[in-house]
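Coordinates from input27.pdb are shown below (PDB, C-alpha atoms).
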```
ATOM      1  CA  MET R   1     -15.986  45.460  -1.875
ATOM      2  CA  GLU R   2     -18.054  42.386  -2.796
ATOM      3  CA  LYS R   3     -15.784  41.647  -5.747
ATOM      4  CA  GLN R   4     -12.727  41.957  -3.504
ATOM      5  CA  ARG R   5     -14.202  39.538  -0.959
ATOM      6  CA  ASN R   6     -15.029  37.049  -3.711
ATOM      7  CA  ALA R   7     -11.514  37.379  -5.106
ATOM      8  CA  GLU R   8      -9.993  36.810  -1.661
ATOM      9  CA  LYS R   9     -12.243  33.804  -1.082
ATOM     10  CA  GLY R  10     -11.251  32.377  -4.462
ATOM     11  CA  SER R  11      -7.580  32.836  -3.600
ATOM     12  CA  GLN R  12      -8.069  31.152  -0.230
ATOM     13  CA  ASP R  13      -9.895  28.231  -1.853
ATOM     14  CA  MET R  14      -7.046  27.885  -4.356
ATOM     15  CA  GLN R  15      -4.454  27.846  -1.567
ATOM     16  CA  ARG R  16      -6.419  25.185   0.317
ATOM     17  CA  GLY R  17      -6.581  23.122  -2.848
ATOM     18  CA  ILE R  18      -2.830  23.386  -3.358
ATOM     19  CA  VAL R  19      -2.184  22.364   0.256
ATOM     20  CA  LEU R  20      -4.489  19.357  -0.123
ATOM     21  CA  THR R  21      -2.950  18.134  -3.369
ATOM     22  CA  ASP R  22       0.276  16.851  -1.777
ATOM     23  CA  PRO R  23      -1.241  14.217   0.566
ATOM     24  CA  ILE R  24      -3.810  13.158  -2.045
ATOM     25  CA  TYR R  25      -1.094  12.940  -4.703
ATOM     26  CA  ASP R  26       1.054  10.810  -2.365
ATOM     27  CA  ARG R  27      -1.865   8.491  -1.618
ATOM     28  CA  MET R  28      -2.613   8.007  -5.299
ATOM     29  CA  ILE R  29       1.067   7.412  -6.068
ATOM     30  CA  THR R  30       1.030   4.689  -3.412
ATOM     31  CA  GLU R  31      -2.034   3.138  -5.053
ATOM     32  CA  LEU R  32      -0.132   3.088  -8.345
ATOM     33  CA  TYR R  33       3.007   1.636  -6.798
ATOM     34  CA  THR R  34       1.120  -1.127  -5.024
ATOM     35  CA  GLY R  35      -0.777  -2.169  -8.132
ATOM     36  CA  ASN R  36      -4.186  -1.089  -6.844
ATOM     37  CA  TYR R  37      -4.367   1.078  -9.963
ATOM     38  CA  ALA R  38      -2.813  -1.260 -12.520
ATOM     39  CA  ARG R  39      -1.209  -0.285 -15.822
ATOM     40  CA  GLY R  40      -3.771  -0.117 -18.608
ATOM     41  CA  SER R  41      -6.706   0.241 -16.235
ATOM     42  CA  SER R  42      -8.906   3.306 -15.898
ATOM     43  CA  LEU R  43      -8.977   5.408 -12.775
ATOM     44  CA  PRO R  44     -12.339   5.971 -11.098
ATOM     45  CA  THR R  45     -14.327   8.915 -12.436
ATOM     46  CA  LEU R  46     -13.665  12.423 -11.115
ATOM     47  CA  GLU R  47     -16.776  12.257  -8.949
ATOM     48  CA  GLU R  48     -15.786   8.866  -7.561
ATOM     49  CA  LEU R  49     -12.254  10.075  -6.775
ATOM     50  CA  CYS R  50     -13.613  13.164  -5.022
ATOM     51  CA  SER R  51     -15.827  10.950  -2.875
ATOM     52  CA  LEU R  52     -13.040   8.437  -2.231
ATOM     53  CA  TYR R  53     -10.467  11.020  -1.132
ATOM     54  CA  HIS R  54     -12.935  13.516   0.385
ATOM     55  CA  VAL R  55     -11.838  16.514  -1.661
ATOM     56  CA  GLY R  56     -13.449  18.903  -4.114
ATOM     57  CA  ARG R  57     -13.360  18.714  -7.902
ATOM     58  CA  ASN R  58     -10.754  21.481  -8.312
ATOM     59  CA  THR R  59      -8.354  19.810  -5.887
ATOM     60  CA  MET R  60      -8.749  16.433  -7.588
ATOM     61  CA  ARG R  61      -8.253  18.001 -11.005
ATOM     62  CA  MET R  62      -4.943  19.471  -9.786
ATOM     63  CA  VAL R  63      -3.876  16.047  -8.502
ATOM     64  CA  LEU R  64      -4.780  14.353 -11.794
ATOM     65  CA  SER R  65      -2.991  17.068 -13.772
ATOM     66  CA  ARG R  66       0.136  16.521 -11.688
ATOM     67  CA  LEU R  67      -0.042  12.747 -12.158
ATOM     68  CA  ALA R  68      -0.372  13.240 -15.920
ATOM     69  CA  GLU R  69       2.540  15.716 -16.045
ATOM     70  CA  ASN R  70       4.769  13.212 -14.226
ATOM     71  CA  GLY R  71       3.858  10.394 -16.586
ATOM     72  CA  TYR R  72       1.756   8.226 -14.271
ATOM     73  CA  ILE R  73      -1.568   8.561 -16.067
ATOM     74  CA  ARG R  74      -2.913   9.648 -19.455
ATOM     75  CA  SER R  75      -5.789  12.087 -19.407
ATOM     76  CA  CYS R  76      -8.697  11.135 -21.625
ATOM     77  CA  ARG R  77     -11.248  13.786 -22.550
ATOM     78  CA  GLY R  78     -14.769  12.660 -21.776
ATOM     79  CA  ARG R  79     -13.734   9.552 -19.830
ATOM     80  CA  ALA R  80     -11.650   8.402 -16.887
ATOM     81  CA  ALA R  81      -7.857   8.741 -17.033
ATOM     82  CA  GLU R  82      -5.800   5.692 -18.017
ATOM     83  CA  VAL R  83      -2.917   4.373 -15.899
ATOM     84  CA  VAL R  84       0.350   4.256 -17.879
ATOM     85  CA  PHE R  85       2.832   3.742 -15.039
ATOM     86  CA  ASP R  86       4.818   0.560 -15.734
ATOM     87  CA  LEU R  87       7.614  -0.672 -13.492
ATOM     88  CA  GLN R  88       9.173  -2.521 -16.428
ATOM     89  CA  ASN R  89       9.692   0.810 -18.200
ATOM     90  CA  PRO R  90      13.264   1.988 -17.344
ATOM     91  CA  VAL R  91      12.171   5.622 -16.996
ATOM     92  CA  HIS R  92       9.289   4.723 -14.686
ATOM     93  CA  ARG R  93      11.528   2.351 -12.740
ATOM     94  CA  ALA R  94      14.114   5.065 -12.099
ATOM     95  CA  GLN R  95      11.354   7.466 -11.082
ATOM     96  CA  TYR R  96       9.949   4.856  -8.724
ATOM     97  CA  LEU R  97      13.318   4.243  -7.048
ATOM     98  CA  ARG R  98      13.924   7.966  -6.597
ATOM     99  CA  ASP R  99      10.525   8.331  -4.989
ATOM    100  CA  LEU R 100      11.142   5.353  -2.712
ATOM    101  CA  LEU R 101      14.367   6.968  -1.522
ATOM    102  CA  LEU R 102      12.483  10.176  -0.739
ATOM    103  CA  ARG R 103       9.998   8.092   1.268
ATOM    104  CA  ARG R 104      12.690   6.037   2.998
ATOM    105  CA  GLU R 105      12.197   7.248   6.557
ATOM    106  CA  ALA R 106       8.413   7.292   6.245
ATOM    107  CA  LEU R 107       8.335   3.700   4.975
ATOM    108  CA  LEU R 108      10.666   2.457   7.698
ATOM    109  CA  ASP R 109       8.492   4.266  10.260
ATOM    110  CA  VAL R 110       5.480   2.319   8.988
ATOM    111  CA  PHE R 111       7.175  -1.003   9.776
ATOM    112  CA  ASP R 112       8.181   0.287  13.220
ATOM    113  CA  THR R 113       4.671   1.566  13.940
ATOM    114  CA  LEU R 114       3.029  -1.682  12.912
ATOM    115  CA  ALA R 115       5.491  -3.765  14.941
ATOM    116  CA  LEU R 116       4.827  -1.567  17.976
ATOM    117  CA  LEU R 117       1.029  -1.356  17.790
ATOM    118  CA  LEU R 118      -0.191  -4.503  16.068
ATOM    119  CA  PRO R 119       0.477  -6.970  18.919
ATOM    120  CA  SER R 120      -1.622  -4.940  21.373
ATOM    121  CA  VAL R 121      -4.546  -4.846  18.940
ATOM    122  CA  LEU R 122      -4.393  -8.284  17.305
ATOM    123  CA  GLY R 123      -4.773 -10.200  20.578
ATOM    124  CA  PRO R 124      -8.271  -8.888  21.415
ATOM    125  CA  CYS R 125      -9.188  -9.089  17.708
ATOM    126  CA  LEU R 126      -8.246 -12.754  17.493
ATOM    127  CA  HIS R 127     -10.312 -13.672  20.539
ATOM    128  CA  ALA R 128     -13.319 -11.706  19.271
ATOM    129  CA  CYS R 129     -13.235 -12.961  15.671
ATOM    130  CA  PRO R 130     -16.192 -15.346  15.005
ATOM    131  CA  GLU R 131     -15.390 -18.915  14.039
ATOM    132  CA  GLU R 132     -17.139 -18.601  10.671
ATOM    133  CA  GLU R 133     -14.920 -15.661   9.701
ATOM    134  CA  LEU R 134     -11.803 -17.685  10.502
ATOM    135  CA  SER R 135     -13.141 -20.429   8.257
ATOM    136  CA  VAL R 136     -13.595 -17.952   5.411
ATOM    137  CA  LEU R 137     -10.023 -16.734   5.871
ATOM    138  CA  SER R 138      -8.743 -20.315   5.799
ATOM    139  CA  ARG R 139     -10.438 -20.876   2.451
ATOM    140  CA  ARG R 140      -8.940 -17.679   1.052
ATOM    141  CA  ALA R 141      -5.528 -18.739   2.297
ATOM    142  CA  ALA R 142      -5.885 -22.060   0.500
ATOM    143  CA  GLY R 143      -6.247 -20.097  -2.748
ATOM    144  CA  PHE R 144      -3.022 -18.217  -2.032
ATOM    145  CA  LEU R 145      -1.137 -21.412  -1.233
ATOM    146  CA  ALA R 146      -2.130 -22.799  -4.625
ATOM    147  CA  GLU R 147      -0.908 -19.752  -6.596
ATOM    148  CA  PRO R 148       2.282 -19.809  -8.700
ATOM    149  CA  ALA R 149       5.442 -18.421  -7.158
ATOM    150  CA  GLU R 150       5.619 -15.284  -9.322
ATOM    151  CA  ASN R 151       2.401 -13.986  -7.748
ATOM    152  CA  ALA R 152       3.522 -14.765  -4.201
ATOM    153  CA  LEU R 153       4.448 -11.397  -2.747
ATOM    154  CA  PHE R 154       1.436  -9.427  -3.913
ATOM    155  CA  SER R 155      -0.966 -12.224  -2.971
ATOM    156  CA  PHE R 156       0.651 -12.579   0.426
ATOM    157  CA  SER R 157       0.450  -8.847   1.136
ATOM    158  CA  ASP R 158      -3.203  -8.854   0.110
ATOM    159  CA  MET R 159      -3.820 -11.954   2.207
ATOM    160  CA  LEU R 160      -2.333 -10.283   5.292
ATOM    161  CA  ILE R 161      -4.428  -7.170   4.733
ATOM    162  CA  GLN R 162      -7.568  -9.316   4.422
ATOM    163  CA  LEU R 163      -6.604 -11.282   7.507
ATOM    164  CA  TYR R 164      -6.066  -8.160   9.595
ATOM    165  CA  GLY R 165      -9.169  -6.540   8.136
ATOM    166  CA  GLU R 166     -11.347  -9.431   9.307
ATOM    167  CA  PHE R 167      -9.791  -9.297  12.764
ATOM    168  CA  PHE R 168     -10.141  -5.539  13.103
ATOM    169  CA  SER R 169     -13.773  -5.630  12.030
ATOM    170  CA  SER R 170     -14.495  -7.957  14.963
ATOM    171  CA  LEU R 171     -13.761  -5.048  17.315
ATOM    172  CA  GLY R 172     -16.591  -3.055  15.789
ATOM    173  CA  ASN R 173     -14.374   0.032  15.467
ATOM    174  CA  PRO R 174     -14.042   1.183  11.830
ATOM    175  CA  TYR R 175     -11.375   3.748  12.724
ATOM    176  CA  ILE R 176      -8.969   1.086  13.993
ATOM    177  CA  ALA R 177      -9.639  -1.052  10.924
ATOM    178  CA  ASP R 178      -9.045   1.900   8.588
ATOM    179  CA  LEU R 179      -5.831   2.928  10.385
ATOM    180  CA  PHE R 180      -4.132  -0.440  10.217
ATOM    181  CA  THR R 181      -5.278  -1.469   6.753
ATOM    182  CA  SER R 182      -4.011   1.909   5.455
ATOM    183  CA  LEU R 183      -0.627   1.301   7.077
ATOM    184  CA  MET R 184      -0.492  -2.174   5.566
ATOM    185  CA  GLN R 185      -1.145  -0.681   2.127
ATOM    186  CA  TYR R 186       2.000   1.413   2.544
ATOM    187  CA  THR R 187       4.074  -1.717   3.196
ATOM    188  CA  LYS R 188       2.960  -2.932  -0.236
ATOM    189  CA  CYS R 189       4.636   0.148  -1.706
ATOM    190  CA  PHE R 190       7.979  -1.306  -0.662
ATOM    191  CA  SER R 191       6.888  -4.883  -1.404
ATOM    192  CA  MET R 192       6.642  -3.993  -5.071
ATOM    193  CA  ALA R 193      10.332  -3.099  -5.054
ATOM    194  CA  ALA R 194      11.210  -6.306  -3.235
ATOM    195  CA  TYR R 195       9.204  -8.267  -5.783
ATOM    196  CA  SER R 196      10.758  -6.548  -8.767
ATOM    197  CA  TYR R 197      14.414  -6.490  -7.751
ATOM    198  CA  GLY R 198      16.557  -9.404  -6.802
ATOM    199  CA  MET R 199      14.146 -11.629  -4.894
ATOM    200  CA  GLN R 200      13.936 -15.314  -5.746
ATOM    201  CA  TYR R 201      10.324 -16.163  -6.445
ATOM    202  CA  ASP R 202      10.506 -19.795  -5.328
ATOM    203  CA  GLU R 203      12.225 -18.939  -2.045
ATOM    204  CA  LEU R 204       9.795 -16.091  -1.428
ATOM    205  CA  HIS R 205       6.818 -18.313  -2.164
ATOM    206  CA  ALA R 206       8.007 -21.002   0.240
ATOM    207  CA  ALA R 207       8.682 -18.447   2.987
ATOM    208  CA  SER R 208       5.294 -16.795   2.503
ATOM    209  CA  GLN R 209       3.508 -20.140   2.553
ATOM    210  CA  GLY R 210       5.257 -21.143   5.760
ATOM    211  CA  LEU R 211       4.445 -17.853   7.459
ATOM    212  CA  LEU R 212       0.807 -17.963   6.402
ATOM    213  CA  ARG R 213       0.432 -21.534   7.658
ATOM    214  CA  GLN R 214       1.852 -20.435  11.019
ATOM    215  CA  LEU R 215      -0.559 -17.526  11.242
ATOM    216  CA  LEU R 216      -3.555 -19.691  10.394
ATOM    217  CA  ASP R 217      -2.458 -22.370  12.871
ATOM    218  CA  PHE R 218      -2.167 -19.840  15.710
ATOM    219  CA  ALA R 219      -5.469 -18.245  14.669
ATOM    220  CA  SER R 220      -7.322 -21.564  14.655
ATOM    221  CA  ARG R 221      -6.066 -22.255  18.202
ATOM    222  CA  ARG R 222      -6.790 -18.676  19.314
ATOM    223  CA  ASP R 223      -3.146 -18.409  20.308
ATOM    224  CA  ALA R 224      -2.802 -14.633  20.325
ATOM    225  CA  ALA R 225       0.751 -14.641  21.703
ATOM    226  CA  GLY R 226       2.039 -16.953  18.967
ATOM    227  CA  PHE R 227       0.122 -15.092  16.253
ATOM    228  CA  CYS R 228       1.496 -11.702  17.340
ATOM    229  CA  ARG R 229       5.021 -13.083  17.643
ATOM    230  CA  VAL R 230       5.006 -14.286  14.039
ATOM    231  CA  VAL R 231       3.574 -10.986  12.769
ATOM    232  CA  THR R 232       6.223  -9.004  14.659
ATOM    233  CA  GLN R 233       9.019 -11.223  13.308
ATOM    234  CA  TYR R 234       7.719 -10.739   9.772
ATOM    235  CA  LEU R 235       7.567  -6.938  10.101
ATOM    236  CA  ARG R 236      11.065  -6.740  11.592
ATOM    237  CA  ALA R 237      12.447  -8.953   8.838
ATOM    238  CA  MET R 238      10.820  -6.759   6.183
ATOM    239  CA  ARG R 239      12.275  -3.658   7.830
ATOM    240  CA  ARG R 240      15.786  -5.159   7.759
ATOM    241  CA  TYR R 241      15.370  -6.028   4.106
ATOM    242  CA  ALA R 242      14.124  -2.505   3.399
ATOM    243  CA  GLU R 243      17.141  -0.964   5.139
ATOM    244  CA  GLY R 244      19.505  -3.078   3.044
ATOM    245  CA  PHE R 245      17.622  -2.251  -0.119
ATOM    246  CA  PHE R 246      17.741   1.495   0.539
ATOM    247  CA  ALA R 247      21.434   1.288   1.459
ATOM    248  CA  ARG R 248      22.249  -0.320  -1.888
ATOM    249  CA  ILE R 249      20.359   2.344  -3.840
ATOM    250  CA  SER R 250      21.854   5.203  -1.815
ATOM    251  CA  ALA R 251      25.365   3.842  -2.392
ATOM    252  CA  GLY R 252      24.744   3.608  -6.109
ATOM    253  CA  VAL R 253      25.043  -0.184  -6.098
ATOM    254  CA  PRO R 254      22.965  -1.586  -8.957
ATOM    255  CA  VAL R 255      19.937  -3.479  -7.746
ATOM    256  CA  PRO R 256      19.729  -6.836  -9.550
ATOM    257  CA  GLU R 257      16.956  -7.384 -12.024
ATOM    258  CA  ALA R 258      14.241  -9.875 -11.172
ATOM    259  CA  SER R 259      14.667 -13.253 -12.783
ATOM    260  CA  SER R 260      12.403 -14.164 -15.663
ATOM    261  CA  ALA R 261      11.246 -17.360 -13.996
TER     262      ALA R 261
END
```
With the file now loaded, output its structure as C-alpha cells.
Amino acid sequence: MEKQRNAEKGSQDMQRGIVLTDPIYDRMITELYTGNYARGSSLPTLEELCSLYHVGRNTMRMVLSRLAENGYIRSCRGRAAEVVFDLQNPVHRAQYLRDLLLRREALLDVFDTLALLLPSVLGPCLHACPEEELSVLSRRAAGFLAEPAENALFSFSDMLIQLYGEFFSSLGNPYIADLFTSLMQYTKCFSMAAYSYGMQYDELHAASQGLLRQLLDFASRRDAAGFCRVVTQYLRAMRRYAEGFFARISAGVPVPEASSA
C-alpha cells in the first residue's frame, strides 16, 4: 500500500511538472527572443533558475531539456547551459517567425492591455515619483540619445522599461511594478522582429529620440495627461506595425532583410 501511494505521488508530481513546463518554457523563450539571454552567454545555474521561476529542479530540468532539443541552448555537463539561439541563423530565424505567428493574438493583446491600463496607473506614478529619481532617469536617457542608430530599438525598449519601473516603484506596490514590467518585456519579443526585419535604423533612431524627449519633457513638468497620451500613441503605433508584420508573414510575403548599415 505504501509503495502504491508513493508511486501515485510520484506520478502526480510528474504531471504537475509537465503542466508547469509550458509557461516556464514560454517565459524563457521570451527571454531568449528579447536578448535577455544573449547568444554565447551562459544561463543562470539550475538552482538560480529554480529560484527565479519558482519551480522545482525536476520541472526546470524538463524545461532545459526541451530548450536544448529545440536548439535554443547547449547543455554543458558540470556547468550552466550555453545560449546558442541566433536570429542571424536562417533555421533559428524561421523558427522564431513561426513562434511569433503562434503568439500573434497574445502579443497583440499585450499592446491592447498596456494601452488600456497604463494611462490610469502612470498618472499617479508620475506625481508620486521623487525629483531625484526623475533626474536619474534623465541622465540614463542622455546615454540612450548618444547611442548609435543600430542599437536604438533595444535601448529604447529598455529605457521605457526602466522609466516605467521607476514610476511604478513610487507607488510602493511591487505587484503593480512586476505586472507592467513583465508586460513590457513581452513587447520586446516583437521589437526584436521589428529591429531585424525591414526597419530603417536611422529613421527608427530619430523617432525613438523624439518620443523619449517628449516623455522626459512631460515628466519634468509633471504633465501626466501629456505623458500618458504619448505612451498610448506609441503603443497603438506598435500594434499597427505588428498587425502589418503578422499579415505579411501569414500571406507568405517575404519580410525584407535588415540593412547592413
Atom CA of Thr34 of chain R to atom CA of Asn173 of chain R, straight-line distance in Å: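 Between atom CA of Asn173 of chain R and atom CA of Thr34 of chain R the gap works out to 25.7 Å.
Residue nearest Leu43 of chain R within the list R:Tyr25, R:Glu105, R:Leu20, R:Ser75: R:Ser75 [criterion: smallest interatomic distance, all atoms listed in the file].
For the choices R:Phe227, R:Tyr53, R:Tyr234, R:Phe245, the atom-to-atom distance to Asp112 of chain R is smallest for R:Tyr234 when using all atoms listed in the file.
Taking only C-alpha atoms into account, Arg248 of chain R lies nearest to R:Leu97 out of the set R:Leu212, R:Leu97, R:Leu108, R:Ala81.
The coordinates place atom CA of Leu49 of chain R at 27.6 Å from atom CA of Leu114 of chain R.
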Selection result for the PyMOL selection byres ((chain R and resi 242) around 10) on this file, as JSON, numbers by chain: {"R": [104, 107, 108, 111, 190, 191, 193, 194, 236, 237, 238, 239, 240, 241, 243, 244, 245, 246, 247, 248]}
Spatial neighbours of Thr113 of chain R, max dist 12 Å, only C-alpha atoms, sep filter under 4 positions, as a PyMOL selection string: chain R and resi 105-109+117-120+179-180+183-184+186-187+232+235-236+239
Contacts of segment 60-71 of chain R at 7 Å (all atoms listed in the file; same-chain gap of 3+ positions) as a PyMOL selection string: chain R and resi 21+25+50+55-57+74-75+85
Just write the chosen residues, C-alpha atoms, as a PDB file, keeping the file's coordinate frame.
```pdb
ATOM      1  CA  THR R  21      -2.950  18.134  -3.369  1.00  0.00           C
ATOM      2  CA  TYR R  25      -1.094  12.940  -4.703  1.00  0.00           C
ATOM      3  CA  CYS R  50     -13.613  13.164  -5.022  1.00  0.00           C
ATOM      4  CA  VAL R  55     -11.838  16.514  -1.661  1.00  0.00           C
ATOM      5  CA  GLY R  56     -13.449  18.903  -4.114  1.00  0.00           C
ATOM      6  CA  ARG R  57     -13.360  18.714  -7.902  1.00  0.00           C
ATOM      7  CA  ARG R  74      -2.913   9.648 -19.455  1.00  0.00           C
ATOM      8  CA  SER R  75      -5.789  12.087 -19.407  1.00  0.00           C
ATOM      9  CA  PHE R  85       2.832   3.742 -15.039  1.00  0.00           C
TER      10      PHE R  85
END
```
Counting only C-alpha atoms, the residue of R:Val136, R:Gln214, R:Ala80, R:Phe168 that sits nearest Cys228 of chain R: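 Nearest to Cys228 of chain R: R:Gln214.
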Got a sec to resolve the PyMOL selection byres ((chain R and resi 167) around 8) on this structure and send the residues as a short mmCIF file (atom, residue, chain, number, x, y, z; two decimals) with C-alpha atoms, in the frame of the given file?
```
data_model
loop_
_atom_site.label_atom_id
_atom_site.label_comp_id
_atom_site.auth_asym_id
_atom_site.auth_seq_id
_atom_site.Cartn_x
_atom_site.Cartn_y
_atom_site.Cartn_z
CA LEU R 122 -4.39 -8.28 17.30
CA CYS R 125 -9.19 -9.09 17.71
CA LEU R 126 -8.25 -12.75 17.49
CA ALA R 128 -13.32 -11.71 19.27
CA CYS R 129 -13.24 -12.96 15.67
CA LEU R 163 -6.60 -11.28 7.51
CA TYR R 164 -6.07 -8.16 9.60
CA GLY R 165 -9.17 -6.54 8.14
CA GLU R 166 -11.35 -9.43 9.31
CA PHE R 168 -10.14 -5.54 13.10
CA SER R 169 -13.77 -5.63 12.03
CA SER R 170 -14.50 -7.96 14.96
CA LEU R 171 -13.76 -5.05 17.32
#
```
Two-atom distance - atom CA of Glu131 of chain R, atom CA of Ala219 of chain R (Å): 10.0 Å
Point (-0.9, 0.8, -6.2), cut-off 12 Å, counting all atoms listed in the file, residues as a PyMOL selection string: chain R and resi 26-39+41+43+72+83+85-87+96+154+158+185-193
